[in-house]
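Asks: run.txt is the file, holding compact mmCIF, C-alpha atoms:
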# COMPACT_ATOMS: atom_id res chain seq x y z
CA MET A 1 5.05 -97.17 -25.72
CA SER A 2 6.89 -93.88 -25.19
CA THR A 3 6.03 -90.99 -22.91
CA ASN A 4 7.53 -87.53 -22.67
CA ILE A 5 9.44 -86.30 -19.63
CA VAL A 6 8.29 -82.68 -19.27
CA VAL A 7 9.05 -79.70 -17.04
CA PRO A 8 6.35 -79.86 -14.32
CA GLU A 9 4.45 -76.94 -12.81
CA LEU A 10 7.02 -75.18 -10.63
CA GLY A 11 4.80 -73.01 -8.50
CA GLU A 12 3.19 -69.60 -8.53
CA SER A 13 4.64 -67.21 -11.16
CA ILE A 14 7.59 -69.53 -12.01
CA VAL A 15 7.63 -70.38 -15.72
CA GLU A 16 11.31 -71.06 -16.45
CA ALA A 17 14.07 -73.25 -15.08
CA THR A 18 17.60 -74.41 -15.88
CA VAL A 19 18.72 -78.04 -16.14
CA ILE A 20 21.38 -78.62 -13.47
CA ARG A 21 22.17 -82.29 -14.07
CA TRP A 22 20.66 -85.59 -15.14
CA PHE A 23 20.90 -88.44 -12.66
CA LYS A 24 20.28 -90.90 -15.49
CA SER A 25 21.76 -91.44 -18.95
CA GLU A 26 20.20 -92.66 -22.19
CA GLY A 27 19.58 -96.41 -21.91
CA ASP A 28 19.27 -96.37 -18.11
CA SER A 29 16.27 -98.08 -16.54
CA VAL A 30 14.18 -96.21 -13.98
CA LYS A 31 11.53 -97.00 -11.41
CA ILE A 32 8.35 -95.09 -10.56
CA GLY A 33 9.20 -92.07 -8.42
CA GLU A 34 12.93 -92.26 -9.08
CA ALA A 35 14.65 -88.89 -9.59
CA LEU A 36 15.64 -88.33 -13.22
CA LEU A 37 17.15 -84.85 -13.19
CA GLU A 38 17.47 -81.66 -11.17
CA LEU A 39 16.12 -78.25 -12.21
CA GLU A 40 17.08 -74.85 -10.81
CA THR A 41 14.48 -72.06 -10.67
CA GLU A 42 14.72 -68.51 -9.44
CA LYS A 43 13.56 -69.59 -6.00
CA ALA A 44 14.42 -73.24 -5.37
CA ASN A 45 15.71 -76.46 -6.92
CA PHE A 46 13.44 -79.32 -8.01
CA GLU A 47 13.94 -82.97 -8.84
CA VAL A 48 11.85 -84.36 -11.72
CA ALA A 49 10.79 -87.92 -10.93
CA ALA A 50 9.72 -90.76 -13.22
CA GLU A 51 5.94 -91.12 -13.37
CA LYS A 52 6.24 -94.61 -14.89
CA PRO A 53 8.86 -97.37 -14.97
CA GLY A 54 10.90 -97.73 -18.13
CA ILE A 55 14.14 -96.90 -19.91
CA ILE A 56 15.51 -93.45 -20.82
CA LYS A 57 15.22 -93.46 -24.60
CA THR A 58 16.28 -89.90 -25.43
CA ILE A 59 17.60 -86.87 -23.51
CA LEU A 60 16.66 -83.64 -25.30
CA LYS A 61 17.73 -81.00 -22.78
CA ARG A 62 21.24 -81.09 -21.38
CA ASP A 63 23.03 -79.47 -18.41
CA ASN A 64 22.72 -75.65 -18.30
CA ASP A 65 19.89 -75.59 -20.88
CA ASP A 66 17.08 -73.16 -20.06
CA VAL A 67 13.60 -74.69 -20.24
CA GLU A 68 9.98 -73.65 -19.73
CA VAL A 69 7.07 -75.29 -17.93
CA GLY A 70 5.62 -78.02 -20.15
CA GLU A 71 8.71 -78.29 -22.37
CA VAL A 72 9.90 -81.83 -23.20
CA LEU A 73 13.13 -82.79 -21.42
CA GLY A 74 13.43 -86.31 -22.75
CA VAL A 75 11.59 -89.45 -23.75
CA LEU A 76 10.91 -92.50 -21.58
CA GLU A 77 10.27 -95.89 -23.15
CA GLU A 78 7.66 -97.38 -20.85
CA ALA A 79 8.00 -100.84 -19.32
CA ASP A 80 6.15 -102.77 -16.65
CA ALA A 81 7.42 -102.34 -13.12
CA SER A 82 8.84 -105.86 -12.78
CA SER A 83 10.96 -105.67 -15.94
CA ALA A 84 12.26 -102.22 -15.02
CA VAL A 85 13.25 -103.42 -11.58
CA GLN A 86 14.96 -106.50 -13.03
CA ALA A 87 16.86 -104.34 -15.55
CA GLU A 88 17.99 -102.10 -12.72
CA VAL A 89 19.24 -105.08 -10.72
CA VAL A 90 21.23 -106.39 -13.71
CA LYS A 91 22.67 -102.91 -14.38
CA GLU A 92 23.74 -102.45 -10.77
CA GLU A 93 25.46 -105.86 -10.78
CA ASP A 94 27.34 -104.92 -13.95
CA GLN A 95 28.38 -101.57 -12.48
CA GLU A 96 29.68 -103.25 -9.34
CA LYS A 97 31.85 -105.53 -11.49
CA GLU A 98 33.11 -102.78 -13.79
CA GLU A 99 33.35 -99.87 -11.36
CA PRO A 100 33.99 -101.18 -7.84
CA SER A 101 35.40 -97.82 -6.74
CA GLN A 102 32.24 -95.81 -7.48
CA PRO A 103 30.35 -94.45 -4.41
CA LYS A 104 27.18 -96.24 -3.43
CA GLU A 105 23.78 -94.78 -4.40
CA GLU A 106 22.94 -94.01 -0.79
CA VAL A 107 25.97 -91.72 -0.62
CA LEU A 108 24.82 -89.79 -3.73
CA GLU A 109 21.37 -89.26 -2.22
CA LYS A 110 22.83 -87.62 0.89
CA ILE A 111 24.62 -84.71 -0.78
CA THR A 112 23.52 -81.13 -1.37
CA PRO A 113 23.15 -80.04 -5.02
CA VAL A 114 25.97 -77.49 -4.68
CA ALA A 115 28.31 -80.10 -3.22
CA ARG A 116 27.37 -82.60 -5.93
CA ARG A 117 28.26 -80.19 -8.74
CA LEU A 118 31.56 -79.29 -7.05
CA ALA A 119 32.42 -82.98 -6.63
CA GLU A 120 31.72 -83.65 -10.29
CA GLU A 121 33.82 -80.68 -11.39
CA PHE A 122 36.89 -81.90 -9.44
CA ASP A 123 36.21 -85.64 -9.92
CA VAL A 124 35.89 -86.28 -6.19
CA ASP A 125 35.13 -89.80 -4.92
CA LEU A 126 32.23 -89.01 -2.58
CA SER A 127 32.68 -92.25 -0.63
CA LYS A 128 35.89 -90.75 0.79
CA VAL A 129 34.31 -87.44 1.87
CA GLU A 130 33.36 -87.00 5.51
CA ALA A 131 29.79 -85.68 5.87
CA THR A 132 29.16 -82.99 8.48
CA GLY A 133 25.80 -81.64 7.28
CA THR A 134 22.35 -82.14 8.76
CA SER A 135 21.21 -85.79 8.76
CA GLY A 136 24.60 -86.91 7.49
CA ARG A 137 24.46 -84.87 4.26
CA ILE A 138 27.66 -84.00 2.41
CA THR A 139 27.90 -80.19 2.12
CA LYS A 140 29.92 -77.91 -0.15
CA GLU A 141 32.32 -77.27 2.74
CA ASP A 142 32.91 -81.03 3.13
CA VAL A 143 33.88 -81.36 -0.54
CA GLU A 144 36.06 -78.24 -0.43
CA ARG A 145 37.82 -79.59 2.67
CA TYR A 146 38.53 -82.90 0.93
CA ILE A 147 39.83 -81.15 -2.20
CA GLN A 148 42.13 -78.97 -0.08
CA MET A 149 43.50 -82.04 1.71
CA GLU A 150 44.19 -83.71 -1.64
CA VAL A 151 45.98 -80.61 -2.92
CA GLU A 152 48.13 -80.35 0.21
CA GLU A 153 49.07 -84.04 0.05
CA SER A 154 50.00 -83.70 -3.63
CA GLU A 155 52.16 -80.66 -2.88
CA ILE A 156 53.96 -82.50 -0.09
CA GLU A 157 54.62 -85.50 -2.32
CA ALA A 158 55.81 -83.31 -5.18
CA SER A 159 58.08 -81.36 -2.84
CA SER A 160 59.65 -84.57 -1.49
CA VAL A 161 60.33 -85.98 -4.96
CA GLU A 162 61.77 -82.69 -6.16
CA THR A 163 64.10 -82.46 -3.16
CA ILE A 164 65.47 -85.94 -3.76
CA HIS A 165 65.81 -85.98 -7.54
CA LYS A 166 66.33 -82.40 -8.65
CA ALA A 167 68.90 -79.69 -8.26
CA PRO A 168 67.79 -76.26 -7.03
CA ALA A 169 65.51 -74.73 -9.63
CA VAL A 170 66.46 -71.56 -11.46
CA ILE A 171 63.67 -69.02 -11.09
CA PRO A 172 62.81 -67.62 -14.53
CA PRO A 173 62.24 -63.92 -15.06
CA THR A 174 58.69 -62.70 -14.47
CA LEU A 175 56.71 -62.63 -17.70
CA ALA A 176 53.62 -60.58 -18.45
CA VAL A 177 50.50 -62.79 -18.26
CA PRO A 178 47.94 -62.18 -21.03
CA ARG A 179 44.77 -60.53 -19.72
CA ASP A 180 42.47 -63.27 -21.00
CA VAL A 181 44.35 -65.79 -18.84
CA ARG A 182 43.57 -63.71 -15.76
CA GLU A 183 39.85 -63.52 -16.51
CA GLU A 184 37.14 -66.10 -16.06
CA ARG A 185 33.75 -66.07 -17.75
CA ILE A 186 31.05 -67.84 -15.72
CA LYS A 187 27.42 -68.16 -16.71
CA MET A 188 25.19 -66.79 -13.97
CA SER A 189 22.96 -69.34 -12.28
CA ARG A 190 19.22 -69.11 -12.71
CA ARG A 191 18.94 -67.69 -9.19
CA ARG A 192 21.67 -65.10 -9.72
CA ARG A 193 20.04 -63.96 -12.98
CA THR A 194 16.71 -63.62 -11.20
CA ILE A 195 18.28 -61.64 -8.36
CA ALA A 196 19.87 -59.29 -10.89
CA ARG A 197 16.60 -58.85 -12.80
CA ARG A 198 14.49 -58.26 -9.68
CA MET A 199 16.97 -55.78 -8.20
CA LEU A 200 16.93 -53.79 -11.42
CA GLU A 201 13.13 -53.91 -11.63
CA ALA A 202 12.83 -52.72 -8.04
CA THR A 203 14.88 -49.59 -8.78
CA GLN A 204 13.11 -48.90 -12.10
CA THR A 205 9.48 -49.57 -11.17
CA THR A 206 9.21 -48.15 -7.64
CA ALA A 207 9.63 -44.69 -6.12
CA MET A 208 12.11 -46.01 -3.58
CA LEU A 209 13.46 -43.87 -0.76
CA THR A 210 15.33 -44.77 2.43
CA THR A 211 15.11 -43.24 5.89
CA PHE A 212 17.48 -43.96 8.81
CA ASN A 213 17.52 -44.01 12.58
CA GLU A 214 19.72 -45.47 15.28
CA VAL A 215 18.77 -47.79 18.11
CA ASP A 216 20.31 -48.23 21.54
CA MET A 217 20.71 -52.01 21.87
CA SER A 218 21.61 -51.97 25.58
CA ALA A 219 18.30 -53.37 26.85
CA VAL A 220 18.11 -56.15 24.26
CA MET A 221 21.73 -57.20 24.85
CA GLU A 222 21.25 -57.20 28.61
CA LEU A 223 18.06 -59.26 28.29
CA ARG A 224 19.73 -61.74 25.95
CA LYS A 225 22.68 -62.10 28.33
CA ARG A 226 20.35 -62.64 31.29
CA ARG A 227 18.11 -65.16 29.54
CA LYS A 228 20.67 -66.85 27.27
CA GLU A 229 21.30 -70.07 29.23
CA SER A 230 17.72 -70.67 30.30
CA PHE A 231 16.45 -70.00 26.76
CA ILE A 232 18.83 -72.56 25.24
CA GLU A 233 18.01 -75.14 27.92
CA ARG A 234 14.27 -74.71 27.40
CA TYR A 235 14.07 -74.34 23.62
CA GLY A 236 17.34 -75.74 22.26
CA VAL A 237 18.13 -72.60 20.25
CA ASN A 238 19.93 -69.30 20.87
CA LEU A 239 18.00 -66.14 21.62
CA GLY A 240 19.22 -64.03 18.70
CA LEU A 241 18.46 -60.53 17.47
CA ASN A 242 16.16 -61.67 14.68
CA SER A 243 13.20 -62.48 16.89
CA PHE A 244 13.32 -59.05 18.55
CA PHE A 245 13.28 -57.21 15.22
CA VAL A 246 10.58 -59.46 13.77
CA LYS A 247 8.39 -58.74 16.78
CA ALA A 248 9.20 -55.01 16.76
CA SER A 249 8.52 -54.77 13.01
CA ILE A 250 5.10 -56.36 13.46
CA GLY A 251 4.30 -53.92 16.24
CA ALA A 252 5.24 -50.98 14.01
CA LEU A 253 3.43 -52.44 10.97
CA LYS A 254 0.20 -52.67 12.97
CA GLU A 255 0.40 -48.92 13.61
CA PHE A 256 1.37 -48.04 10.02
CA PRO A 257 -0.52 -50.47 7.70
CA PRO A 258 0.67 -48.94 4.37
CA VAL A 259 4.21 -50.20 5.09
CA ASN A 260 2.75 -53.72 5.07
CA GLY A 261 0.81 -53.06 1.88
CA GLU A 262 1.03 -53.52 -1.86
CA ILE A 263 0.12 -51.57 -5.00
CA ASP A 264 -2.16 -53.16 -7.59
CA GLY A 265 -2.82 -50.75 -10.45
CA ASP A 266 -4.65 -47.79 -8.94
CA ASP A 267 -5.50 -49.68 -5.75
CA MET A 268 -3.69 -50.02 -2.43
CA ILE A 269 -3.90 -53.43 -0.78
CA LEU A 270 -3.49 -53.17 3.00
CA LYS A 271 -2.65 -56.51 4.58
CA TYR A 272 -3.61 -57.27 8.16
CA TYR A 273 -1.56 -60.43 8.36
CA TYR A 274 2.17 -60.50 8.87
CA ASP A 275 4.27 -62.84 6.71
CA ILE A 276 7.79 -61.60 7.38
CA GLY A 277 10.56 -62.43 4.91
CA VAL A 278 14.07 -62.88 6.33
CA ALA A 279 16.88 -62.39 3.81
CA ILE A 280 19.61 -65.06 3.94
CA GLY A 281 22.84 -64.80 1.99
CA ALA A 282 23.54 -68.40 0.92
CA SER A 283 26.44 -69.60 -1.26
CA GLU A 284 24.17 -69.89 -4.30
CA GLY A 285 22.76 -66.36 -3.82
CA LEU A 286 20.29 -64.38 -1.75
CA VAL A 287 17.05 -66.08 -0.73
CA VAL A 288 14.17 -64.70 1.32
CA PRO A 289 12.25 -67.45 3.15
CA VAL A 290 9.07 -66.29 4.84
CA LEU A 291 7.82 -66.60 8.43
CA LYS A 292 4.11 -67.16 7.78
CA ASN A 293 1.77 -65.57 10.36
CA ALA A 294 4.79 -64.37 12.32
CA ASP A 295 2.56 -62.38 14.68
CA SER A 296 1.33 -65.66 16.19
CA MET A 297 4.85 -67.07 16.65
CA SER A 298 6.81 -66.99 19.90
CA PHE A 299 10.43 -65.81 20.15
CA ALA A 300 11.58 -69.44 20.24
CA GLU A 301 9.48 -70.42 17.21
CA ILE A 302 10.93 -67.52 15.21
CA GLU A 303 14.52 -68.41 16.12
CA LYS A 304 14.03 -72.11 15.35
CA ARG A 305 12.38 -71.40 12.00
CA ILE A 306 15.11 -68.97 10.91
CA LYS A 307 17.78 -71.50 11.89
CA GLU A 308 16.00 -74.14 9.77
CA PHE A 309 15.81 -71.69 6.86
CA ALA A 310 19.55 -70.97 7.07
CA VAL A 311 20.43 -74.68 6.90
CA LYS A 312 18.03 -75.29 4.01
CA ALA A 313 19.30 -72.25 2.13
CA GLU A 314 22.91 -73.45 2.32
CA GLU A 315 21.94 -76.99 1.33
CA ASN A 316 19.67 -75.63 -1.43
CA THR A 317 16.67 -77.56 -0.09
CA LEU A 318 14.18 -74.74 0.52
CA ALA A 319 10.68 -75.72 -0.58
CA LEU A 320 8.37 -73.44 -2.58
CA GLU A 321 6.12 -72.91 0.42
CA ASP A 322 9.16 -71.63 2.36
CA ILE A 323 9.78 -68.74 -0.02
CA MET A 324 6.39 -67.82 -1.46
CA GLY A 325 4.49 -64.73 -0.36
CA GLY A 326 5.73 -62.26 2.21
CA THR A 327 4.35 -58.87 3.21
CA PHE A 328 7.51 -57.22 4.61
CA THR A 329 11.21 -58.11 4.59
CA ILE A 330 14.08 -57.82 7.07
CA THR A 331 17.71 -58.01 5.92
CA ASN A 332 20.74 -57.95 8.22
CA GLY A 333 23.92 -56.67 6.62
CA GLY A 334 25.41 -56.30 10.09
CA VAL A 335 26.38 -59.97 10.16
CA PHE A 336 28.85 -59.18 7.37
CA GLY A 337 30.12 -56.01 9.06
CA SER A 338 27.97 -53.41 7.28
CA LEU A 339 27.64 -50.19 9.25
CA MET A 340 25.00 -48.58 7.04
CA SER A 341 23.26 -49.42 3.74
CA THR A 342 20.11 -48.74 1.70
CA PRO A 343 18.33 -52.08 1.20
CA ILE A 344 16.48 -52.60 -2.10
CA LEU A 345 12.77 -53.37 -2.05
CA ASN A 346 11.46 -56.88 -2.65
CA PRO A 347 8.43 -56.19 -4.94
CA PRO A 348 5.50 -56.29 -4.67
CA GLN A 349 6.32 -55.43 -1.05
CA VAL A 350 6.64 -51.72 -0.32
CA GLY A 351 8.89 -51.88 2.73
CA ILE A 352 12.17 -53.51 3.77
CA LEU A 353 14.06 -53.05 7.04
CA GLY A 354 17.86 -53.07 7.01
CA LEU A 355 19.80 -53.98 10.17
CA HIS A 356 23.47 -53.22 10.64
CA LYS A 357 26.53 -53.78 12.79
CA ILE A 358 26.30 -52.98 16.50
CA GLU A 359 29.07 -50.60 17.58
CA GLN A 360 30.02 -48.99 20.86
CA ARG A 361 29.49 -45.26 20.31
CA PRO A 362 29.36 -42.18 22.56
CA ILE A 363 25.85 -40.72 22.93
CA VAL A 364 24.33 -38.16 25.28
CA ILE A 365 21.92 -39.57 27.89
CA ASN A 366 20.24 -37.02 30.22
CA GLY A 367 23.03 -34.53 29.56
CA GLU A 368 25.78 -37.06 30.25
CA LEU A 369 28.08 -38.67 27.69
CA GLU A 370 27.85 -42.46 27.74
CA ILE A 371 29.18 -45.31 25.64
CA ARG A 372 26.32 -47.47 24.35
CA PRO A 373 25.97 -50.35 21.84
CA MET A 374 24.27 -48.63 18.91
CA MET A 375 22.84 -49.88 15.63
CA TYR A 376 21.83 -47.92 12.55
CA VAL A 377 18.56 -49.14 11.04
CA ALA A 378 17.24 -48.27 7.58
CA LEU A 379 13.77 -48.46 6.08
CA SER A 380 13.51 -48.44 2.30
CA TYR A 381 9.95 -47.80 1.15
CA ASP A 382 7.87 -47.15 -1.95
CA HIS A 383 6.96 -43.48 -1.79
CA ARG A 384 3.90 -44.09 -3.98
CA ILE A 385 2.06 -45.68 -1.07
CA VAL A 386 4.14 -44.79 2.00
CA ASP A 387 4.65 -41.13 2.92
CA GLY A 388 7.89 -39.89 4.42
CA ARG A 389 6.11 -39.10 7.68
CA GLU A 390 4.86 -42.68 8.01
CA ALA A 391 8.28 -44.10 7.19
CA VAL A 392 9.99 -41.95 9.83
CA GLN A 393 7.33 -42.74 12.42
CA PHE A 394 7.58 -46.44 11.62
CA LEU A 395 11.30 -46.42 12.49
CA VAL A 396 10.68 -44.32 15.62
CA ARG A 397 8.11 -46.85 16.83
CA LEU A 398 10.43 -49.75 16.02
CA LYS A 399 13.20 -48.00 17.97
CA GLU A 400 10.91 -47.54 20.99
CA LEU A 401 9.98 -51.22 21.00
CA ILE A 402 13.58 -52.45 20.69
CA GLN A 403 14.78 -50.12 23.44
CA ASP A 404 11.99 -51.44 25.70
CA PRO A 405 12.00 -55.14 24.68
CA GLU A 406 9.62 -56.23 27.43
CA SER A 407 6.91 -54.21 25.69
CA LEU A 408 7.22 -56.56 22.71
CA LEU A 409 5.21 -59.09 24.67
CA LEU A 410 2.26 -56.72 24.34
CA GLU A 411 3.01 -54.68 21.24
CA GLY A 412 4.62 -57.33 19.00
For the structure just supplied, provide its representation as structure tokens.
Replies:
Amino acid sequence: MSTNIVVPELGESIVEATVIRWFKSEGDSVKIGEALLELETEKANFEVAAEKPGIIKTILKRDNDDVEVGEVLGVLEEADASSAVQAEVVKEEDQEKEEPSQPKEEVLEKITPVARRLAEEFDVDLSKVEATGTSGRITKEDVERYIQMEVEESEIEASSVETIHKAPAVIPPTLAVPRDVREERIKMSRRRRTIARRMLEATQTTAMLTTFNEVDMSAVMELRKRRKESFIERYGVNLGLNSFFVKASIGALKEFPPVNGEIDGDDMILKYYYDIGVAIGASEGLVVPVLKNADSMSFAEIEKRIKEFAVKAEENTLALEDIMGGTFTITNGGVFGSLMSTPILNPPQVGILGLHKIEQRPIVINGELEIRPMMYVALSYDHRIVDGREAVQFLVRLKELIQDPESLLLEG
């Protein structure tokens, strides 16, 4: 008896995906719960598992094919569990005889999707790659490091052979290289296409404006310096800037509810809960995991959660519940050196806070010129629901809270 392998429900509002790779080939036996293939969606990657034991009869959708929820990916010829397990044992024994150099299955299970694709592209033997990721996972950087080592060793060997066996080479005249040789066409990933589409929609469907202010970071930097060691000892994580701005944003949102709102037709939805999205620039593209009920989280809880998000984002292991929802977003271009920018809204949210690089700048304090660590902050907002006055006052309140960080214990 045959059964279809279909694209499962992928979560709220997600209807499409792209096939990244099959873990199995036609004729392979599978067990219940065994991963068959990996799908990429606009928000996260998913593994489709076998619901029954059997043998892969037909694969209908190949790598890089776009698919929809419910669409048939392949056909599984059902078998009882014992026969499927026995077939798998026989197959593994045959593979060990024929391909003794192949990496063990446990190695393949401890590799990030990005690293796996890179290893396949450059035909890397994963059993030789040193894993430095969380829980012993092989990351993209591990594979890149191995490839670089292989390239360097090859160059050294080639150089030695050339020195021994060849006369000095005559350098040919420089020739014009055809333009098409200097160009590369790469299909955008599902996530990159979604980012492009959502960014364009945000600029076309909202009345987006941006207002700016600058914040004196002296008090926060002094507090972080004073509490740094004790914070790490107690909580096992650094006291970063993120937690201060999450707390300050919540304090300002409580005073200006429309910035934490949403537009639904002719209605405004004002939200009195605070699910704060934190934008993370991962290798595969921008993702915005969400701190659910951030107003009830401590500084340490915020820092730990963001650190977990960053690791998951790079390893491409964020779950749907990590990225769904969100009432307001914070993005920090300062970590890349940005001095000032206008962040783009993350619909249906109507507000996004942009943080930037901290620089020592001269400012006037009580009539005296002083050098202070200053940061420009930007609030992009949907003018349909947020007035300019509210946007400016929001940033002023945020500035007051950051410049008096101890007040965040009460106001945040």
Asks: Which one of A:Ile371, A:Ala219, A:Ala313, A:Val7 sits closest to Thr112 in chain A if you count only C-alpha atoms?
Replies: A:Ala313
Asks: Counting all atoms listed in the file, which of A:Met374, A:Ala319, A:Ala202, A:Leu76 gets nearest to Glu26 in chain A?
Replies: A:Leu76
Asks: Which is closer to Glu262 in chain A than all the others in A:Leu401, A:Ala79, A:Leu291, A:Ile385, using only C-alpha atoms?
Replies: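 Closest candidate: A:Ile385.
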Asks: If you measure from CA of Glu109 in chain A to CA of Ala131 in chain A, what distance in Å do you get, rounded to one decimal?
Replies: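 Taking CA of Glu109 in chain A as the start and CA of Ala131 in chain A as the end point, the length is 12.2 Å.
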Asks: Counting all atoms listed in the file, what is within 12 Å of range 235-237 of chain A, bar same-chain residues fewer than 4 positions away, as an MDAnalysis selection string?
Replies: chainID A and resid 227:231 243 298:308
Asks: Neighbouring residues of Pro257 in chain A were defined as those with any atom within 10 Å, considering all atoms listed in the file; residues of the same chain fewer than 6 positions away were excluded. Please report them as a PyMOL selection string.
Replies: chain A and resi 250+269-272+386+390+394
Asks: So how many Å separate CA of Asp404 in chain A and CA of Arg224 in chain A, to one decimal?
Replies: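 CA of Asp404 in chain A sits 12.9 Å away from CA of Arg224 in chain A.
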Asks: Between A:Gly261, A:Gly354, A:Tyr146, A:Glu315, which one has atoms that come closest to Asn242 in chain A, using only C-alpha atoms?
Replies: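 When distances to Asn242 in chain A are compared using only C-alpha atoms, the smallest one comes from A:Gly354.
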Asks: Mind giving me the straight-line distance from CA of Arg185 in chain A to CA of Val151 in chain A in Å, one decimal?
Replies: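 Spanning CA of Arg185 in chain A to CA of Val151 in chain A is a straight-line distance of 24.1 Å.
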Asks: I need the residue nearest Glu38 in chain A from this list: A:Thr58, A:Thr317, A:Asp123, A:Gly367. Use all atoms listed in the file for the distance.
Replies: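 Closest to Glu38 in chain A of all the choices is A:Thr317.
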Asks: Counting all atoms listed in the file, which residue out of A:Thr327, A:Gln393, A:Asn45, A:Ser380 sits closest to Phe256 in chain A?
Replies: A:Gln393
Asks: Residues within 12 Å of Val75 in chain A, please, as a list in words. Count all atoms listed in the file; anything in the same chain fewer than 5 positions from it doesn't count.
Replies: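 My reading of the contact set: Met1, Ser2, Thr3, Asn4, Ile5, Val6, Ser25, Glu26, Gly27, Asp28, Leu36, Ala50, Glu51, Lys52, Gly54, Ile55, Ile56, Lys57, Thr58, Ile59, Leu60 and Lys61 of chain A.
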Asks: Using all atoms listed in the file, give me every residue within 8 Å of (14.1, -53.4, -4.3) in file coordinates, as an NGL selection string.
Replies: :A and (198-203 or 206 or 208 or 343-347)
Asks: Please give the centre and size of the box around range 229-236 of chain A (axis-aligned, containing every atom listed in the file, 5 Å added per side), with values in Å to one decimal and written as lines of an AutoDock Vina configuration file.
Replies:
center_x = 17.7
center_y = -72.9
center_z = 26.3
size_x = 17.2
size_y = 15.7
size_z = 18.0
Asks: Complete range 296-307 of chain A at the level of N, CA and C atoms, written as a tab-separated table (two decimals), in the coordinates of the input.
Replies:
chain	number	residue	atom	x	y	z
A	296	SER	N	1.80	-64.63	15.26
A	296	SER	CA	1.33	-65.66	16.19
A	296	SER	C	2.46	-66.55	16.68
A	297	MET	N	3.70	-66.25	16.27
A	297	MET	CA	4.85	-67.07	16.65
A	297	MET	C	5.52	-66.51	17.90
A	298	SER	N	6.05	-67.41	18.72
A	298	SER	CA	6.81	-66.99	19.90
A	298	SER	C	8.24	-66.66	19.49
A	299	PHE	N	9.02	-66.09	20.42
A	299	PHE	CA	10.43	-65.81	20.15
A	299	PHE	C	11.15	-67.09	19.75
A	300	ALA	N	10.90	-68.18	20.51
A	300	ALA	CA	11.58	-69.44	20.24
A	300	ALA	C	11.19	-69.99	18.88
A	301	GLU	N	9.93	-69.91	18.51
A	301	GLU	CA	9.48	-70.42	17.21
A	301	GLU	C	10.14	-69.65	16.07
A	302	ILE	N	10.28	-68.34	16.24
A	302	ILE	CA	10.93	-67.52	15.21
A	302	ILE	C	12.39	-67.92	15.06
A	303	GLU	N	13.10	-68.06	16.17
A	303	GLU	CA	14.52	-68.41	16.12
A	303	GLU	C	14.73	-69.79	15.52
A	304	LYS	N	13.90	-70.75	15.89
A	304	LYS	CA	14.03	-72.11	15.35
A	304	LYS	C	13.78	-72.12	13.85
A	305	ARG	N	12.74	-71.39	13.42
A	305	ARG	CA	12.38	-71.40	12.00
A	305	ARG	C	13.48	-70.74	11.16
A	306	ILE	N	14.04	-69.64	11.66
A	306	ILE	CA	15.11	-68.97	10.91
A	306	ILE	C	16.35	-69.86	10.83
A	307	LYS	N	16.65	-70.57	11.91
A	307	LYS	CA	17.78	-71.50	11.89
A	307	LYS	C	17.57	-72.60	10.84
